[in-house]
Each structure stands twice: as structure tokens, then as C-alpha cells.
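Chemist: Structure supplied as coords.cif; contents: mmCIF, C-alpha atoms.
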data_query
loop_
_atom_site.group_PDB
_atom_site.id
_atom_site.type_symbol
_atom_site.label_atom_id
_atom_site.label_comp_id
_atom_site.auth_asym_id
_atom_site.auth_seq_id
_atom_site.Cartn_x
_atom_site.Cartn_y
_atom_site.Cartn_z
ATOM 1 C CA ASN A 759 18.552 -67.781 45.307
ATOM 2 C CA ALA A 760 21.288 -69.113 47.588
ATOM 3 C CA GLY A 761 20.995 -66.129 49.921
ATOM 4 C CA GLY A 762 17.236 -66.533 50.022
ATOM 5 C CA LEU A 763 17.624 -70.010 51.517
ATOM 6 C CA ILE A 764 18.971 -68.454 54.708
ATOM 7 C CA GLY A 765 17.213 -65.087 54.555
ATOM 8 C CA ALA A 766 20.378 -63.177 53.627
ATOM 9 C CA GLN A 767 20.315 -59.874 51.798
ATOM 10 C CA VAL A 768 22.409 -60.291 48.652
ATOM 11 C CA ILE A 769 24.321 -57.218 47.461
ATOM 12 C CA SER A 770 25.976 -57.466 44.074
ATOM 13 C CA LEU A 771 28.330 -55.014 42.402
ATOM 14 C CA ASP A 772 27.673 -56.709 39.041
ATOM 15 C CA ARG A 773 31.242 -57.165 37.855
ATOM 16 C CA PRO A 774 31.566 -59.565 34.904
ATOM 17 C CA ASP A 775 33.862 -62.586 35.274
ATOM 18 C CA LEU A 776 37.587 -61.877 34.906
ATOM 19 C CA THR A 777 37.173 -58.083 35.033
ATOM 20 C CA VAL A 778 37.697 -57.417 38.749
ATOM 21 C CA LYS A 779 40.653 -55.092 39.319
ATOM 22 C CA SER A 780 41.492 -54.237 42.912
ATOM 23 C CA ASP A 781 43.190 -50.973 41.962
ATOM 24 C CA GLU A 782 40.016 -49.437 40.489
ATOM 25 C CA ALA A 783 38.919 -46.485 42.600
ATOM 26 C CA ASP A 784 35.271 -47.063 41.637
ATOM 27 C CA LEU A 785 35.332 -50.639 42.946
ATOM 28 C CA ILE A 786 36.982 -49.612 46.232
ATOM 29 C CA GLY A 787 34.459 -46.794 46.644
ATOM 30 C CA ARG A 788 31.475 -49.044 45.996
ATOM 31 C CA LEU A 789 32.786 -51.705 48.403
ATOM 32 C CA ALA A 790 33.499 -49.043 51.035
ATOM 33 C CA GLY A 791 29.919 -47.834 50.597
ATOM 34 C CA VAL A 792 28.597 -51.352 51.197
ATOM 35 C CA ILE A 793 30.767 -51.661 54.314
ATOM 36 C CA ARG A 794 29.498 -48.301 55.619
ATOM 37 C CA LYS A 795 25.910 -49.429 55.007
ATOM 38 C CA VAL A 796 26.241 -52.898 56.537
ATOM 39 C CA LYS A 797 28.687 -52.017 59.380
ATOM 40 C CA PRO A 798 30.032 -55.570 59.683
ATOM 41 C CA ASP A 799 31.554 -56.951 62.864
ATOM 42 C CA TYR A 800 33.928 -58.873 60.583
ATOM 43 C CA ILE A 801 34.310 -59.655 56.894
ATOM 44 C CA ILE A 802 34.818 -63.031 55.217
ATOM 45 C CA THR A 803 36.464 -62.961 51.799
ATOM 46 C CA HIS A 804 38.689 -64.976 49.484
ATOM 47 C CA PRO A 805 42.296 -65.605 50.529
ATOM 48 C CA PRO A 806 44.955 -63.471 48.795
ATOM 49 C CA GLU A 807 46.318 -66.575 47.020
ATOM 50 C CA ASP A 808 43.307 -68.316 45.534
ATOM 51 C CA TYR A 809 42.899 -70.286 42.325
ATOM 52 C CA MET A 810 41.615 -67.492 40.067
ATOM 53 C CA LYS A 811 42.354 -63.849 39.405
ATOM 54 C CA ASP A 812 38.910 -62.513 40.362
ATOM 55 C CA HIS A 813 39.127 -64.111 43.815
ATOM 56 C CA MET A 814 42.598 -62.675 44.447
ATOM 57 C CA GLU A 815 41.506 -59.230 43.248
ATOM 58 C CA VAL A 816 38.375 -59.324 45.437
ATOM 59 C CA SER A 817 40.538 -60.221 48.431
ATOM 60 C CA ARG A 818 42.765 -57.187 47.871
ATOM 61 C CA ALA A 819 39.846 -54.875 47.111
ATOM 62 C CA VAL A 820 38.042 -55.911 50.314
ATOM 63 C CA PHE A 821 41.222 -55.298 52.329
ATOM 64 C CA ASP A 822 41.585 -51.788 50.886
ATOM 65 C CA ALA A 823 37.872 -50.917 51.039
ATOM 66 C CA SER A 824 37.498 -52.041 54.643
ATOM 67 C CA PHE A 825 40.086 -49.455 55.638
ATOM 68 C CA ALA A 826 38.762 -46.769 53.265
ATOM 69 C CA ALA A 827 35.289 -47.203 54.776
ATOM 70 C CA THR A 828 36.638 -45.832 58.086
ATOM 71 C CA VAL A 829 38.302 -42.700 56.707
ATOM 72 C CA PRO A 830 36.033 -39.695 57.445
ATOM 73 C CA HIS A 831 37.138 -37.598 54.451
ATOM 74 C CA TYR A 832 36.780 -40.486 51.967
ATOM 75 C CA THR A 833 33.464 -40.012 50.173
ATOM 76 C CA VAL A 834 31.334 -42.821 48.790
ATOM 77 C CA GLU A 835 28.440 -42.587 46.341
ATOM 78 C CA ASN A 836 25.804 -43.471 48.947
ATOM 79 C CA GLY A 837 27.072 -40.560 51.099
ATOM 80 C CA LEU A 838 27.145 -42.579 54.316
ATOM 81 C CA PRO A 839 29.511 -41.510 57.102
ATOM 82 C CA ALA A 840 32.658 -43.437 57.978
ATOM 83 C CA HIS A 841 32.356 -46.801 59.693
ATOM 84 C CA GLU A 842 33.725 -46.542 63.229
ATOM 85 C CA LYS A 843 36.162 -49.465 63.028
ATOM 86 C CA VAL A 844 38.309 -51.356 60.587
ATOM 87 C CA ALA A 845 36.503 -54.678 60.453
ATOM 88 C CA PRO A 846 38.616 -57.783 61.029
ATOM 89 C CA ILE A 847 38.947 -59.943 57.923
ATOM 90 C CA PHE A 848 38.776 -63.713 57.760
ATOM 91 C CA TYR A 849 39.867 -65.570 54.653
ATOM 92 C CA MET A 850 37.722 -68.532 53.618
ATOM 93 C CA ASP A 851 39.064 -71.846 52.398
ATOM 94 C CA THR A 852 40.395 -72.337 48.882
ATOM 95 C CA LEU A 853 38.838 -74.699 46.346
ATOM 96 C CA ALA A 854 39.697 -78.223 47.528
ATOM 97 C CA GLY A 855 41.609 -76.711 50.476
ATOM 98 C CA VAL A 856 44.787 -76.410 48.370
ATOM 99 C CA GLY A 857 47.525 -74.429 50.119
ATOM 100 C CA PHE A 858 45.220 -73.345 52.954
ATOM 101 C CA LEU A 859 45.952 -74.072 56.603
ATOM 102 C CA PRO A 860 43.060 -72.894 58.796
ATOM 103 C CA THR A 861 43.715 -71.111 62.059
ATOM 104 C CA GLU A 862 40.007 -71.009 62.958
ATOM 105 C CA TYR A 863 37.281 -73.605 62.516
ATOM 106 C CA VAL A 864 33.504 -73.306 62.606
ATOM 107 C CA ASP A 865 31.388 -76.409 63.215
ATOM 108 C CA ILE A 866 28.824 -76.625 60.394
ATOM 109 C CA SER A 867 27.633 -80.168 61.108
ATOM 110 C CA ASP A 868 24.038 -79.017 61.588
ATOM 111 C CA PHE A 869 24.128 -76.935 58.393
ATOM 112 C CA ILE A 870 25.989 -79.053 55.827
ATOM 113 C CA ASP A 871 22.807 -79.852 53.893
ATOM 114 C CA VAL A 872 21.885 -76.154 53.697
ATOM 115 C CA LYS A 873 25.436 -75.366 52.527
ATOM 116 C CA ILE A 874 25.087 -77.960 49.754
ATOM 117 C CA GLN A 875 21.640 -76.595 48.798
ATOM 118 C CA MET A 876 23.031 -73.052 48.651
ATOM 119 C CA ASN A 877 25.926 -74.121 46.446
ATOM 120 C CA ASP A 878 23.514 -76.069 44.247
ATOM 121 C CA CYS A 879 21.818 -72.748 43.389
ATOM 122 C CA HIS A 880 24.909 -71.799 41.364
ATOM 123 C CA GLN A 881 24.094 -74.109 38.460
ATOM 124 C CA SER A 882 26.046 -72.106 35.879
ATOM 125 C CA GLN A 883 29.209 -72.527 37.954
ATOM 126 C CA ILE A 884 28.532 -76.178 38.769
ATOM 127 C CA LYS A 885 27.938 -77.035 35.122
ATOM 128 C CA TRP A 886 30.965 -75.072 33.915
ATOM 129 C CA LEU A 887 33.343 -76.626 36.488
ATOM 130 C CA TYR A 888 32.155 -80.089 35.520
ATOM 131 C CA GLU A 889 32.501 -79.471 31.783
ATOM 132 C CA HIS A 890 35.773 -77.513 32.054
ATOM 133 C CA ASP A 891 37.585 -79.472 34.773
ATOM 134 C CA GLY A 892 35.574 -82.640 35.390
ATOM 135 C CA ILE A 893 34.824 -81.424 38.922
ATOM 136 C CA ASP A 894 31.727 -82.454 40.837
ATOM 137 C CA PHE A 895 31.627 -79.189 42.764
ATOM 138 C CA LEU A 896 29.031 -80.265 45.321
ATOM 139 C CA ASP A 897 31.150 -83.318 46.135
ATOM 140 C CA PHE A 898 34.164 -80.990 46.513
ATOM 141 C CA VAL A 899 32.222 -78.835 48.977
ATOM 142 C CA ARG A 900 31.066 -81.793 51.065
ATOM 143 C CA THR A 901 34.504 -83.463 51.003
ATOM 144 C CA VAL A 902 36.428 -80.353 52.077
ATOM 145 C CA SER A 903 33.859 -79.688 54.815
ATOM 146 C CA LYS A 904 34.262 -83.273 56.033
ATOM 147 C CA PHE A 905 38.071 -82.972 55.948
ATOM 148 C CA ARG A 906 37.997 -79.700 57.915
ATOM 149 C CA GLY A 907 35.654 -81.421 60.367
ATOM 150 C CA LEU A 908 38.156 -84.249 60.832
ATOM 151 C CA GLN A 909 40.838 -81.665 61.616
ATOM 152 C CA CYS A 910 38.857 -80.159 64.476
ATOM 153 C CA GLY A 911 36.905 -83.163 65.768
ATOM 154 C CA LYS A 912 33.517 -82.387 64.211
ATOM 155 C CA ALA A 913 31.496 -84.082 61.474
ATOM 156 C CA TYR A 914 31.747 -81.030 59.173
ATOM 157 C CA ALA A 915 33.514 -77.706 59.540
ATOM 158 C CA GLU A 916 34.702 -74.672 57.639
ATOM 159 C CA GLY A 917 38.238 -73.404 58.010
ATOM 160 C CA PHE A 918 39.322 -69.770 58.087
ATOM 161 C CA GLN A 919 42.474 -67.706 58.506
ATOM 162 C CA GLN A 920 42.341 -64.321 60.192
ATOM 163 C CA CYS A 921 44.070 -61.490 58.366
ATOM 164 C CA GLN A 922 47.141 -60.678 60.414
ATOM 165 C CA ALA A 923 47.337 -56.922 59.861
ATOM 166 C CA TRP A 924 46.893 -54.045 62.260
ATOM 167 C CA PRO A 925 44.278 -52.737 63.159
ATOM 168 C CA ARG A 926 42.264 -55.815 62.206
ATOM 169 C CA LEU A 927 43.300 -58.000 65.130
ATOM 170 C CA THR A 928 41.180 -58.471 68.219
ATOM 171 C CA THR A 929 41.136 -60.547 71.382
ATOM 172 C CA GLU A 930 37.434 -61.360 70.852
ATOM 173 C CA ARG A 931 36.221 -64.625 69.382
ATOM 174 C CA LEU A 932 34.261 -63.376 66.356
ATOM 175 C CA LEU A 933 33.382 -66.519 64.431
ATOM 176 C CA PRO A 934 30.626 -68.747 65.852
#
Show me the file's structure as C-alpha cells.
Modeler:
Amino acid sequence: NAGGLIGAQVISLDRPDLTVKSDEADLIGRLAGVIRKVKPDYIITHPPEDYMKDHMEVSRAVFDASFAATVPHYTVENGLPAHEKVAPIFYMDTLAGVGFLPTEYVDISDFIDVKIQMNDCHQSQIKWLYEHDGIDFLDFVRTVSKFRGLQCGKAYAEGFQQCQAWPRLTTERLLP
């Protein structure tokens, strides 16, 4: 539902919570297949040090799959040929911005309400975070976006860090 609000195609690999393992060949192969299909200019994923295991494992799996997707002799189940470049990776902010120092900012002032609406589609997560941790997740999202905006002189912003690994670096400005 969240993707539908902005017309995004949602692709899910249907991994249950707390079962993501970045060293599973099947997961890397499926992610590499998605990358070959989509051919992204860049990838946004969780930072390597996030607050939960699944996020950290996804970060590592995306790193590995983005390289695997470019290897011509690496086969994927959808049979697509290798992607021509290793896509640069950007790490998104952590929950509440803990331990995350952005190196890139994107002004989202015109889109903060849509961001809140999209997050509001994840009612199971919102309810669980409130019951488990007493967190008003939508308030967290707005507050961190406001804080990142203060850091870069905008009303609301998102912060990112670019993965600093060869061959993922570029001189181009990729984020809007």
C-alpha cells in the first residue's frame, strides 16, 4: 500500500522477520536477479550497523548481491544477463538517527506528508513498536526528518551515507 501511494513497484522476497541471513546463496541470487531486472542507478539500503539483525543482514546481502549482479558467469533464477555496473550504495538513516552522521542530504520538505502517509501504511509495525517500546513511530519519522532538515537548512530532509567501497564511488551527484 505504501508503494502504491507514489506509484512504485513493490518487489518482495517474502522473508519472515528475524530469518534474513546475508550468507545464504539463495538470498544473494534472488537479490542479484532483482538488481539485474531493475538496473538501478544507485541502491538505498539499511546501514551496516542498524538497530536490528534483519536490517544489518539486508545491508550486507545488498552489498554482496549488487556486485554479484555484475558478474557475467553468475547465474540467477530469472536468467537475466549481468548488470553493466556495480551500483553505488547509499545507507539510509537509522531509527531515531542514533549513531548515524549523514554525508548527503535530500530536501523532502514538499513530501513530508506523503512520507508520513507511506509509513502509516505499516500498521503492524507501528502498533508493535508502540506496544513493545512505547514508540510513536510516525512522530519519530517526522522528528528525525525535521532534525535532518535543521542540519542542512531545510524544513525536512533525509540523511544518507554513501558506501565508501570501490567500485561504488562516483563523481556524479546521484541523489536528488
Chemist: On this structure, which residues satisfy the PyMOL selection byres ((chain A and resi 791) around 10), written as a list of chain:residue names?
Modeler: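 The output of the PyMOL selection byres ((chain A and resi 791) around 10) on this file is A:Leu785, A:Ile786, A:Gly787, A:Arg788, A:Leu789, A:Ala790, A:Val792, A:Ile793, A:Arg794, A:Lys795, A:Val796, A:Lys797, A:Ala823, A:Ser824, A:Ala826, A:Ala827, A:Thr833, A:Val834, A:Glu835, A:Asn836, A:Gly837, A:Leu838, A:Pro839, A:Ala840, A:His841.
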Chemist: Mind giving me the straight-line distance from atom CA of Asp772 of chain A to atom CA of Val864 of chain A in Å, one decimal?
Modeler: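 We find that atom CA of Asp772 of chain A and atom CA of Val864 of chain A lie 29.4 Å from each other.
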Chemist: Between atom CA of Pro774 of chain A and atom CA of Glu815 of chain A, what is the distance in Å, rounded to a tenth?
Modeler: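 Answer for the atom CA of Pro774 of chain A to atom CA of Glu815 of chain A separation: 13.0 Å.
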Chemist: Run through the PyMOL selection byres ((chain A and resi 779) around 12) on the given coordinates and return the selected residues as a list in words.
Modeler: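 Selection result, ordered by chain and number: Arg773, Pro774, Asp775, Leu776, Thr777, Val778, Ser780, Asp781, Glu782, Ala783, Asp784, Leu785, Ile786, Lys811, Asp812, His813, Met814, Glu815, Val816, Ser817, Arg818, Ala819 and Val820 of chain A.
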Chemist: For Tyr849 of chain A, which residue among A:Asn877, A:Thr828, A:Thr803, A:Ser903 is the nearest when counting only C-alpha atoms?
Modeler: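 Among A:Asn877, A:Thr828, A:Thr803, A:Ser903, it is A:Thr803 that comes nearest to Tyr849 of chain A.
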Chemist: Quick one: everything within 12 Å of Thr928 of chain A, counting all atoms listed in the file, minus sequence neighbours fewer than 3 positions away in the same chain. Send it as a list in words.
Modeler: Asp799, Tyr800, Lys843, Val844, Ala845, Pro846, Ile847, Phe848, Gln920, Cys921, Gln922, Ala923, Trp924, Pro925, Arg931, Leu932 and Leu933 of chain A
Chemist: My list of candidates is A:Ile801, A:Leu859, A:Leu853, A:Ile866. Which is closest to Phe895 of chain A when distances are computed with all atoms listed in the file?
Modeler: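 Using all atoms listed in the file, Phe895 of chain A sits closest to A:Leu853.
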Chemist: Taking only C-alpha atoms into account, which of A:Ile802, A:Ile870, A:Met810, A:Cys879 comes nearest Lys912 of chain A?
Modeler: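 Using only C-alpha atoms, the shortest distance to Lys912 of chain A belongs to A:Ile870.
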Chemist: Quick one: of A:Phe858, A:Ile874, A:Phe825, A:Thr852, who's nearest to Ala760 of chain A, counting all atoms listed in the file?
Modeler: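 Closest to Ala760 of chain A of all the choices is A:Ile874.
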Chemist: If we count only C-alpha atoms, what is near Asn759 of chain A at a cut-off of 9 Å, once residues fewer than 4 positions away on the same chain are taken out, given as a PyMOL selection string?
Modeler: chain A and resi 763+876+879-880
Chemist: Output the residue selection produced by the PyMOL selection byres ((chain A and resi 916) around 10) on the file above, formatted as a VMD selection string.
Modeler: chain A and resid 850 to 851 860 862 to 867 870 899 902 to 907 910 914 to 915 917 to 918
Chemist: Could you check how far atom CA of Gly857 of chain A sits from atom CA of Tyr809 of chain A, in Å to one decimal?
Modeler: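 Value for the atom CA of Gly857 of chain A-atom CA of Tyr809 of chain A distance: 10.0 Å.
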Chemist: Given 6 Å on each side, where is the centre and what are the edge lengths in Å to one decimal of the axis-aligned box enclosing the listed atoms of segment 906-912 of chain A, as AutoDock Vina command-line options?
Modeler:
--center_x 37.2 --center_y -82.0 --center_z 61.8 --size_x 19.3 --size_y 16.5 --size_z 19.9
Chemist: I'd like to know which of A:Leu927, A:Val872, A:Ala854, A:Val829 is closest to Ile764 of chain A, using all atoms listed in the file.
Modeler: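 The closest residue to Ile764 of chain A is A:Val872.
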